[in-house]
file coords_18.txt (compact mmCIF, C-alpha atoms)
# COMPACT_ATOMS: atom_id res chain seq x y z
CA MET A 1 -68.25 52.53 -21.38
CA ARG A 2 -65.41 52.45 -18.84
CA MET A 3 -67.59 50.56 -16.36
CA THR A 4 -68.34 47.92 -19.00
CA ARG A 5 -64.64 47.40 -19.76
CA LEU A 6 -63.81 47.22 -16.03
CA ALA A 7 -66.52 44.62 -15.47
CA SER A 8 -65.18 42.55 -18.39
CA CYS A 9 -61.64 42.67 -17.00
CA MET A 10 -62.81 41.64 -13.56
CA ARG A 11 -64.74 38.72 -15.07
CA LEU A 12 -61.68 37.52 -17.03
CA LEU A 13 -59.45 37.80 -13.96
CA SER A 14 -61.92 35.75 -11.91
CA LEU A 15 -61.98 33.04 -14.58
CA ALA A 16 -58.16 32.94 -14.68
CA LEU A 17 -57.91 32.60 -10.91
CA LEU A 18 -60.56 29.89 -10.95
CA ALA A 19 -58.68 27.97 -13.62
CA LEU A 20 -55.43 28.33 -11.72
CA GLY A 21 -57.05 27.05 -8.54
CA CYS A 22 -58.48 24.05 -10.35
CA HIS A 23 -55.03 23.30 -11.83
CA ARG A 24 -53.41 23.29 -8.38
CA GLU A 25 -55.99 20.79 -7.10
CA THR A 26 -54.74 18.22 -9.68
CA PRO A 27 -51.10 17.27 -8.80
CA TYR A 28 -48.82 15.82 -11.45
CA PRO A 29 -48.60 12.06 -10.86
CA ARG A 30 -45.06 10.76 -10.16
CA PRO A 31 -44.11 8.10 -12.70
CA LEU A 32 -43.46 4.63 -11.31
CA PRO A 33 -39.78 3.57 -11.29
CA PRO A 34 -39.16 1.06 -14.10
CA VAL A 35 -37.59 -2.22 -12.99
CA ARG A 36 -36.69 -5.52 -14.55
CA VAL A 37 -37.71 -8.61 -12.62
CA GLN A 38 -36.36 -12.14 -12.64
CA THR A 39 -37.62 -15.28 -10.98
CA VAL A 40 -35.19 -16.72 -8.45
CA GLY A 41 -33.58 -19.88 -9.74
CA PRO A 42 -32.24 -22.87 -7.83
CA ALA A 43 -28.58 -23.20 -6.86
CA GLY A 44 -27.13 -25.16 -9.70
CA ALA A 45 -23.78 -26.84 -10.15
CA LYS A 46 -20.64 -25.40 -8.63
CA GLY A 47 -19.00 -22.63 -10.53
CA ALA A 48 -16.13 -20.25 -10.03
CA VAL A 49 -14.84 -16.82 -10.90
CA ARG A 50 -11.09 -16.32 -11.29
CA TYR A 51 -8.91 -13.24 -10.90
CA SER A 52 -5.24 -12.81 -11.59
CA GLY A 53 -3.07 -11.48 -8.78
CA ARG A 54 0.44 -11.32 -7.39
CA VAL A 55 2.11 -13.07 -4.47
CA GLU A 56 3.49 -10.83 -1.71
CA ALA A 57 4.90 -11.45 1.75
CA GLN A 58 2.48 -10.91 4.59
CA THR A 59 5.17 -8.97 6.48
CA GLN A 60 7.91 -7.08 4.62
CA VAL A 61 10.33 -4.58 6.17
CA THR A 62 12.75 -2.15 4.55
CA LEU A 63 15.82 -1.79 6.77
CA ALA A 64 17.41 1.66 6.61
CA PHE A 65 20.37 3.18 8.44
CA LYS A 66 19.64 5.74 11.15
CA VAL A 67 23.17 7.17 10.99
CA GLY A 68 25.53 7.82 8.11
CA GLY A 69 29.04 6.61 7.39
CA TYR A 70 31.07 4.02 5.52
CA VAL A 71 29.78 0.44 5.48
CA SER A 72 32.54 -1.52 7.23
CA THR A 73 31.05 -5.03 7.43
CA ILE A 74 28.24 -7.10 5.96
CA THR A 75 27.25 -10.36 7.62
CA GLN A 76 28.73 -13.48 6.02
CA VAL A 77 27.13 -16.91 5.65
CA PRO A 78 28.65 -20.28 4.72
CA ARG A 79 28.93 -21.19 1.03
CA ASP A 80 27.47 -24.46 -0.18
CA SER A 81 30.86 -25.28 -1.74
CA GLY A 82 32.82 -24.21 1.35
CA GLY A 83 34.10 -20.90 2.63
CA ARG A 84 31.95 -17.87 3.37
CA ARG A 85 30.21 -15.14 1.37
CA LEU A 86 28.20 -11.98 2.05
CA VAL A 87 24.55 -12.41 2.91
CA GLN A 88 22.35 -11.87 -0.16
CA ALA A 89 18.80 -12.24 -1.45
CA GLY A 90 17.31 -15.62 -0.59
CA ASP A 91 19.32 -16.13 2.61
CA VAL A 92 17.54 -16.82 5.89
CA VAL A 93 18.14 -14.37 8.76
CA ARG A 94 17.30 -14.48 12.45
CA ASN A 95 15.38 -11.96 14.52
CA GLY A 96 17.89 -9.43 15.89
CA GLN A 97 20.76 -10.61 13.67
CA VAL A 98 23.27 -7.90 12.68
CA LEU A 99 23.28 -7.65 8.87
CA ALA A 100 25.68 -4.72 8.37
CA THR A 101 27.66 -2.15 10.35
CA ILE A 102 28.80 1.41 9.77
CA ARG A 103 32.41 2.27 10.70
CA LYS A 104 32.21 2.71 14.47
CA ALA A 105 35.43 4.66 15.06
CA ASP A 106 33.82 8.03 14.29
CA TYR A 107 30.98 7.44 16.75
CA SER A 108 33.06 5.78 19.49
CA THR A 109 35.54 8.68 19.44
CA LYS A 110 32.69 11.17 19.76
CA LEU A 111 31.25 9.14 22.63
CA ASP A 112 34.60 9.16 24.49
CA GLU A 113 34.84 12.92 24.03
CA LEU A 114 31.35 13.47 25.42
CA ARG A 115 32.02 11.14 28.33
CA GLY A 116 35.05 13.25 29.26
CA ALA A 117 32.97 16.42 29.12
CA ARG A 118 30.29 14.75 31.24
CA ASP A 119 32.81 13.69 33.90
CA HIS A 120 34.22 17.22 34.01
CA ALA A 121 30.72 18.68 34.40
CA LYS A 122 29.92 16.22 37.18
CA ALA A 123 33.13 17.09 39.02
CA ALA A 124 32.36 20.81 38.75
CA ALA A 125 28.86 20.21 40.07
CA ALA A 126 30.27 18.18 42.98
CA ASN A 127 32.65 21.01 43.94
CA ALA A 128 29.80 23.49 43.70
CA LYS A 129 27.76 21.26 46.02
CA GLN A 130 30.52 21.39 48.65
CA GLU A 131 30.67 25.16 48.36
CA LEU A 132 26.91 25.36 48.70
CA ASP A 133 27.00 23.21 51.85
CA ARG A 134 29.66 25.47 53.42
CA ALA A 135 27.75 28.57 52.39
CA THR A 136 24.60 27.17 53.98
CA GLN A 137 26.38 26.76 57.30
CA LEU A 138 27.92 30.23 57.11
CA LEU A 139 24.54 31.75 56.29
CA GLN A 140 22.99 30.06 59.30
CA GLN A 141 25.81 31.47 61.43
CA LYS A 142 25.23 34.86 59.78
CA VAL A 143 28.82 35.02 58.61
CA ILE A 144 27.97 35.75 54.97
CA PRO A 145 25.14 37.88 53.58
CA GLN A 146 22.13 36.39 51.79
CA ALA A 147 23.24 37.85 48.46
CA GLU A 148 26.54 35.94 48.52
CA PHE A 149 24.71 32.71 49.38
CA ASP A 150 22.29 33.24 46.47
CA THR A 151 25.23 33.67 44.08
CA ILE A 152 26.79 30.39 45.23
CA LYS A 153 23.48 28.54 44.94
CA THR A 154 22.84 29.94 41.45
CA ARG A 155 26.27 28.74 40.33
CA TYR A 156 25.54 25.29 41.77
CA ASP A 157 22.17 25.03 39.98
CA SER A 158 23.82 26.06 36.70
CA LEU A 159 26.56 23.43 37.01
CA VAL A 160 24.02 20.73 37.87
CA GLY A 161 22.08 21.63 34.71
CA GLU A 162 25.24 21.43 32.63
CA ALA A 163 26.04 18.01 34.10
CA ARG A 164 22.57 16.73 33.22
CA ALA A 165 22.88 18.06 29.67
CA ALA A 166 26.29 16.39 29.32
CA GLU A 167 24.77 13.10 30.51
CA ALA A 168 22.00 13.42 27.90
CA ARG A 169 24.56 14.03 25.15
CA VAL A 170 26.42 10.90 26.22
CA GLY A 171 23.17 8.93 26.05
CA GLN A 172 22.43 10.22 22.56
CA ALA A 173 25.96 9.38 21.40
CA SER A 174 25.57 5.86 22.82
CA ILE A 175 22.37 5.43 20.82
CA SER A 176 24.12 6.65 17.66
CA LEU A 177 26.94 4.15 18.26
CA SER A 178 24.46 1.30 18.62
CA ASP A 179 22.65 2.50 15.46
CA THR A 180 25.80 1.76 13.45
CA GLU A 181 24.56 -1.86 13.54
CA LEU A 182 21.72 -2.68 11.15
CA ARG A 183 19.69 -5.52 12.67
CA SER A 184 16.84 -7.59 11.29
CA PRO A 185 13.60 -6.99 13.26
CA LEU A 186 12.17 -10.37 12.27
CA ALA A 187 13.07 -13.92 11.31
CA GLY A 188 12.67 -14.28 7.57
CA ILE A 189 14.35 -14.14 4.19
CA VAL A 190 16.42 -11.40 2.57
CA LEU A 191 14.60 -10.14 -0.53
CA HIS A 192 17.14 -7.50 -1.52
CA ARG A 193 20.56 -6.19 -0.48
CA ALA A 194 21.28 -2.62 -1.57
CA ILE A 195 24.77 -2.03 -0.14
CA GLU A 196 28.37 -3.19 -0.48
CA VAL A 197 31.32 -2.96 1.88
CA GLY A 198 32.88 0.51 1.53
CA ASP A 199 29.71 2.28 0.43
CA LEU A 200 29.13 5.72 1.94
CA VAL A 201 25.53 5.83 3.15
CA GLY A 202 23.49 8.54 4.78
CA PRO A 203 20.72 8.40 7.37
CA GLY A 204 17.64 6.81 5.83
CA ALA A 205 19.55 4.89 3.15
CA THR A 206 18.11 1.43 2.46
CA GLY A 207 20.36 -1.48 3.34
CA PHE A 208 18.16 -4.57 3.09
CA ILE A 209 14.61 -5.67 2.46
CA VAL A 210 13.61 -8.58 4.69
CA ALA A 211 10.31 -10.48 4.69
CA ASP A 212 8.58 -13.14 6.73
CA THR A 213 7.39 -15.56 4.04
CA ASN A 214 5.84 -18.20 6.30
CA THR A 215 2.54 -16.50 5.50
CA MET A 216 1.89 -14.98 2.07
CA LYS A 217 -0.84 -12.79 0.70
CA ILE A 218 -2.35 -12.89 -2.76
CA VAL A 219 -3.36 -9.42 -3.95
CA PHE A 220 -5.87 -9.15 -6.81
CA GLY A 221 -8.48 -6.70 -8.05
CA VAL A 222 -12.23 -7.27 -8.40
CA PRO A 223 -14.98 -5.08 -9.89
CA ASP A 224 -17.52 -3.33 -7.70
CA SER A 225 -20.17 -5.93 -8.46
CA ILE A 226 -17.95 -8.59 -6.86
CA GLN A 227 -16.60 -6.38 -4.07
CA LYS A 228 -20.02 -5.91 -2.51
CA ALA A 229 -20.68 -9.65 -2.49
CA ILE A 230 -17.48 -10.91 -0.83
CA ARG A 231 -16.46 -10.71 2.83
CA THR A 232 -13.44 -11.33 5.01
CA GLY A 233 -13.01 -14.97 5.93
CA LEU A 234 -14.30 -16.18 2.54
CA ALA A 235 -12.33 -19.19 1.27
CA VAL A 236 -10.46 -18.94 -2.04
CA SER A 237 -8.44 -21.38 -4.07
CA ILE A 238 -5.00 -20.25 -5.26
CA HIS A 239 -3.12 -21.61 -8.29
CA THR A 240 0.19 -20.57 -9.86
CA GLU A 241 1.75 -21.34 -13.22
CA ALA A 242 5.07 -21.99 -11.48
CA LEU A 243 3.53 -24.85 -9.49
CA PRO A 244 1.09 -26.57 -11.89
CA GLY A 245 -1.28 -29.03 -10.36
CA ARG A 246 -0.89 -27.68 -6.83
CA GLU A 247 -3.71 -25.86 -5.07
CA PHE A 248 -3.32 -23.52 -2.10
CA ARG A 249 -6.22 -22.69 0.15
CA GLY A 250 -6.54 -19.16 1.49
CA LEU A 251 -8.92 -16.83 3.29
CA ILE A 252 -9.91 -13.28 2.36
CA SER A 253 -8.21 -11.04 4.94
CA LYS A 254 -8.68 -7.53 3.50
CA ILE A 255 -11.07 -5.81 1.11
CA ALA A 256 -10.31 -2.29 -0.09
CA ALA A 257 -12.99 0.31 0.61
CA LYS A 258 -11.89 2.46 -2.33
CA ALA A 259 -11.40 1.48 -5.96
CA ASP A 260 -8.15 2.13 -7.79
CA GLU A 261 -8.42 5.39 -9.71
CA LYS A 262 -7.00 3.88 -12.92
CA SER A 263 -8.31 0.33 -13.04
CA ARG A 264 -11.52 1.06 -11.05
CA ALA A 265 -11.00 -2.30 -9.33
CA PHE A 266 -11.01 -2.98 -5.60
CA ASP A 267 -7.87 -4.59 -4.17
CA VAL A 268 -8.53 -7.80 -2.26
CA GLU A 269 -5.99 -9.75 -0.18
CA ALA A 270 -6.13 -13.47 0.56
CA THR A 271 -3.83 -14.94 3.24
CA VAL A 272 -2.18 -18.28 2.49
CA ASP A 273 0.00 -20.50 4.68
CA ASN A 274 3.47 -20.92 3.17
CA THR A 275 5.37 -22.85 5.81
CA ASP A 276 7.04 -25.00 3.14
CA GLN A 277 8.21 -21.84 1.30
CA ALA A 278 6.71 -23.04 -1.99
CA LEU A 279 5.27 -19.64 -2.87
CA LYS A 280 7.79 -16.93 -3.75
CA VAL A 281 7.36 -13.16 -3.65
CA GLY A 282 6.48 -11.83 -7.10
CA MET A 283 4.83 -14.98 -8.46
CA ILE A 284 1.69 -14.58 -10.58
CA ALA A 285 -1.25 -16.36 -9.02
CA THR A 286 -4.92 -16.97 -9.79
CA ALA A 287 -7.49 -16.57 -7.05
CA GLU A 288 -10.67 -18.53 -7.50
CA PHE A 289 -13.94 -18.19 -5.63
CA VAL A 290 -15.58 -21.61 -5.52
CA GLY A 291 -19.37 -21.82 -5.14
CA ALA A 292 -20.93 -24.35 -2.78
CA ALA A 293 -24.37 -25.10 -4.19
CA THR A 294 -25.21 -27.58 -1.46
CA GLU A 295 -25.44 -24.75 1.11
CA ALA A 296 -27.42 -22.34 -1.06
CA ARG A 297 -31.18 -22.18 -1.47
CA ALA A 298 -31.27 -19.87 -4.46
CA VAL A 299 -29.15 -17.89 -6.90
CA VAL A 300 -29.64 -14.26 -7.98
CA PRO A 301 -27.61 -11.91 -10.21
CA LEU A 302 -25.17 -9.64 -8.42
CA SER A 303 -27.11 -6.64 -9.75
CA ALA A 304 -30.07 -7.65 -7.55
CA VAL A 305 -28.12 -7.29 -4.29
CA VAL A 306 -28.18 -3.94 -2.46
CA GLN A 307 -26.83 -2.83 0.90
CA VAL A 308 -29.36 -2.17 3.64
CA PRO A 309 -29.32 1.56 4.48
CA GLU A 310 -27.56 2.44 7.75
CA LYS A 311 -26.57 -1.21 8.34
CA LYS A 312 -22.97 -2.06 7.56
CA ASN A 313 -22.27 -5.45 5.93
CA THR A 314 -26.00 -6.21 5.68
CA PHE A 315 -27.40 -7.01 2.24
CA ALA A 316 -30.88 -7.37 0.79
CA VAL A 317 -32.89 -7.80 -2.40
CA PHE A 318 -36.20 -6.28 -3.54
CA VAL A 319 -38.89 -8.93 -3.78
CA VAL A 320 -41.76 -8.00 -6.11
CA THR A 321 -45.30 -8.87 -5.00
CA GLN A 322 -48.67 -8.32 -6.68
CA ASN A 323 -51.35 -6.49 -4.71
CA GLY A 324 -54.37 -6.49 -7.01
CA ASP A 325 -53.41 -4.35 -10.00
CA THR A 326 -50.46 -2.83 -8.13
CA THR A 327 -46.90 -4.19 -8.20
CA VAL A 328 -44.95 -3.44 -5.00
CA ALA A 329 -41.23 -3.91 -4.24
CA ARG A 330 -40.36 -5.00 -0.69
CA LEU A 331 -36.84 -4.88 0.77
CA ARG A 332 -35.85 -8.25 2.20
CA PRO A 333 -32.55 -8.88 4.02
CA VAL A 334 -30.68 -11.97 2.85
CA VAL A 335 -27.51 -13.87 3.75
CA LEU A 336 -25.07 -14.17 0.87
CA GLY A 337 -23.24 -17.37 0.06
CA GLU A 338 -20.51 -18.03 -2.45
CA LEU A 339 -20.04 -16.53 -5.89
CA VAL A 340 -21.22 -18.62 -8.82
CA ARG A 341 -19.89 -17.08 -12.03
CA ASN A 342 -21.69 -13.69 -12.26
CA ASP A 343 -24.33 -14.64 -9.70
CA VAL A 344 -24.34 -14.99 -5.95
CA THR A 345 -25.93 -17.74 -3.91
CA ILE A 346 -28.45 -16.94 -1.17
CA THR A 347 -28.31 -19.11 1.94
CA GLN A 348 -31.07 -17.40 3.94
CA GLY A 349 -33.96 -15.03 3.29
CA LEU A 350 -35.05 -16.02 -0.21
CA ALA A 351 -36.76 -19.02 -1.75
CA GLU A 352 -36.71 -20.44 -5.23
CA GLY A 353 -39.52 -19.12 -7.44
CA GLU A 354 -39.81 -15.64 -5.90
CA ALA A 355 -39.47 -12.60 -8.17
CA VAL A 356 -36.69 -10.09 -7.45
CA VAL A 357 -35.63 -6.81 -9.01
CA VAL A 358 -32.47 -7.33 -11.07
CA ARG A 359 -32.37 -3.94 -12.85
CA GLY A 360 -33.29 -0.69 -11.13
CA ALA A 361 -32.74 -1.86 -7.55
CA THR A 362 -30.73 1.28 -6.76
CA ILE A 363 -33.65 3.62 -7.53
CA VAL A 364 -36.31 1.73 -5.57
CA ARG A 365 -37.25 2.13 -1.93
CA ASP A 366 -38.99 -0.30 0.35
CA GLY A 367 -42.74 -0.31 -0.36
CA ASP A 368 -42.55 1.56 -3.69
CA ARG A 369 -44.94 0.76 -6.48
CA VAL A 370 -42.97 -0.18 -9.57
CA ALA A 371 -43.52 -0.63 -13.27
CA VAL A 372 -42.17 -3.95 -14.51
CA ILE A 373 -40.48 -3.70 -17.92
CA PRO A 374 -39.53 -6.61 -20.13
call {"tool": "encode", "arguments": {"input": "coords_18.txt", "output": "structure tokens"}}
result
Amino acid sequence: MRMTRLASCMRLLSLALLALGCHRETPYPRPLPPVRVQTVGPAGAKGAVRYSGRVEAQTQVTLAFKVGGYVSTITQVPRDSGGRRLVQAGDVVRNGQVLATIRKADYSTKLDELRGARDHAKAAAANAKQELDRATQLLQQKVIPQAEFDTIKTRYDSLVGEARAAEARVGQASISLSDTELRSPLAGIVLHRAIEVGDLVGPGATGFIVADTNTMKIVFGVPDSIQKAIRTGLAVSIHTEALPGREFRGLISKIAAKADEKSRAFDVEATVDNTDQALKVGMIATAEFVGAATEARAVVPLSAVVQVPEKKNTFAVFVVTQNGDTTVARLRPVVLGELVRNDVTITQGLAEGEAVVVRGATIVRDGDRVAVIP
């Protein structure tokens, strides 16, 4: 009876192992990634996408005092109606021009005191040098012992060190005296004056904000779909409500690599020539990307464009081809043109009539079989 039960158990175990082995021989098929495909269209009429931004100076410097004290003078400029007035926002300044000064008496007095201490230290070191010279001769003549000579030399070395330290303190005091003058490091326009004559300021206190406005930058934000399609050197058209009917031409000079945490937009800067000073800091401007259909061979949605792995600033699209009953996606590098509304023009690498992946491109790899969904 026991042998019969054991034989039955062994038979069931063998069947279970056989079934398990058969199950392992049949792997679970990986589902094909679903994608949406669109036929590449021709480059149509010119279009544009517009983004609101702000006008800023290309170079802007905040001038702060390095030393503290009472503001004794602020540079004056001629009045239009005659007389003179203090320099203020909107005034033109020269490179190196003194804009304000701290009361110098406190620093000049300190400098004179340190100069006197330096001269005294130098005189003491000079006397010690004479003593050392005499001691050297006496030591050679064996008139004085070595220990006495060492004492004289040690005193000389100490006085020389004190003289050098006194000279350094005089140099530092001279720098502090020169720092009582607040100078403009560039030729430009005063944007803001934060001080008045008689103000008590400390080190680091802001005195002026000066900017070079011969070149301006337009700062605006774009979504990630646009950020990946633009590049530095791309031409943009700039318009402002303050100057209706006038168009400024600029070039993209900077594209943020990180999106703003609140707006989720990428900051973009366009540089514009402003030699005539028409654009003012703080103006609201509109940046416009203008498409050039004559240079483009085809147009695809921005969602179809992906970045080529391990190749910076190289873009591609997935072109779908039919191989019998199998649909395969192939990665093809392309050269992007201008933005046309929510699409991007392709100048090289793609022809009109080809089918590209417009949804699901981020989950597809080169050579993958795909399932096309409507």
call {"tool": "residues_around", "arguments": {"input": "coords_18.txt", "residues": "Gln97 of chain A", "least_positions_apart": "5", "cutoff": "10 Å", "atoms": "all atoms listed in the file", "output": "PyMOL selection string"}}
result
chain A and resi 75+181-187
call {"tool": "atom_distance", "arguments": {"input": "coords_18.txt", "atom1": "atom CA of Val170 of chain A", "atom2": "atom CA of Asp106 of chain A"}}
result
14.3 Å
call {"tool": "closest_residue", "arguments": {"input": "coords_18.txt", "among": "A:Arg359, A:Thr286, A:Arg365, A:Glu354", "to": "Val40 of chain A", "atoms": "only C-alpha atoms"}}
result
A:Glu354
call {"tool": "closest_residue", "arguments": {"input": "coords_18.txt", "among": "A:Arg169, A:Lys129, A:Arg155, A:Arg85", "to": "Arg115 of chain A", "atoms": "all atoms listed in the file"}}
result
A:Arg169
call {"tool": "closest_residue", "arguments": {"input": "coords_18.txt", "among": "A:Thr154, A:Thr39, A:Thr180, A:Thr326", "to": "Ile102 of chain A", "atoms": "all atoms listed in the file"}}
result
A:Thr180
call {"tool": "closest_residue", "arguments": {"input": "coords_18.txt", "among": "A:Asp91, A:Glu167, A:Asp273, A:Glu352", "to": "Lys122 of chain A", "atoms": "all atoms listed in the file"}}
result
A:Glu167
call {"tool": "closest_residue", "arguments": {"input": "coords_18.txt", "among": "A:Pro145, A:Gly90, A:Pro374, A:Pro223", "to": "Lys280 of chain A", "atoms": "only C-alpha atoms"}}
result
A:Gly90
call {"tool": "closest_residue", "arguments": {"input": "coords_18.txt", "among": "A:Glu162, A:Asp179, A:Asp260, A:Asp212", "to": "Leu191 of chain A", "atoms": "only C-alpha atoms"}}
result
A:Asp212
call {"tool": "residues_near_point", "arguments": {"input": "coords_18.txt", "point": "(-5.1, -6.7, 8.0)", "cutoff": "9 Å", "atoms": "only C-alpha atoms", "output": "PyMOL selection string"}}
result
chain A and resi 253-254+269
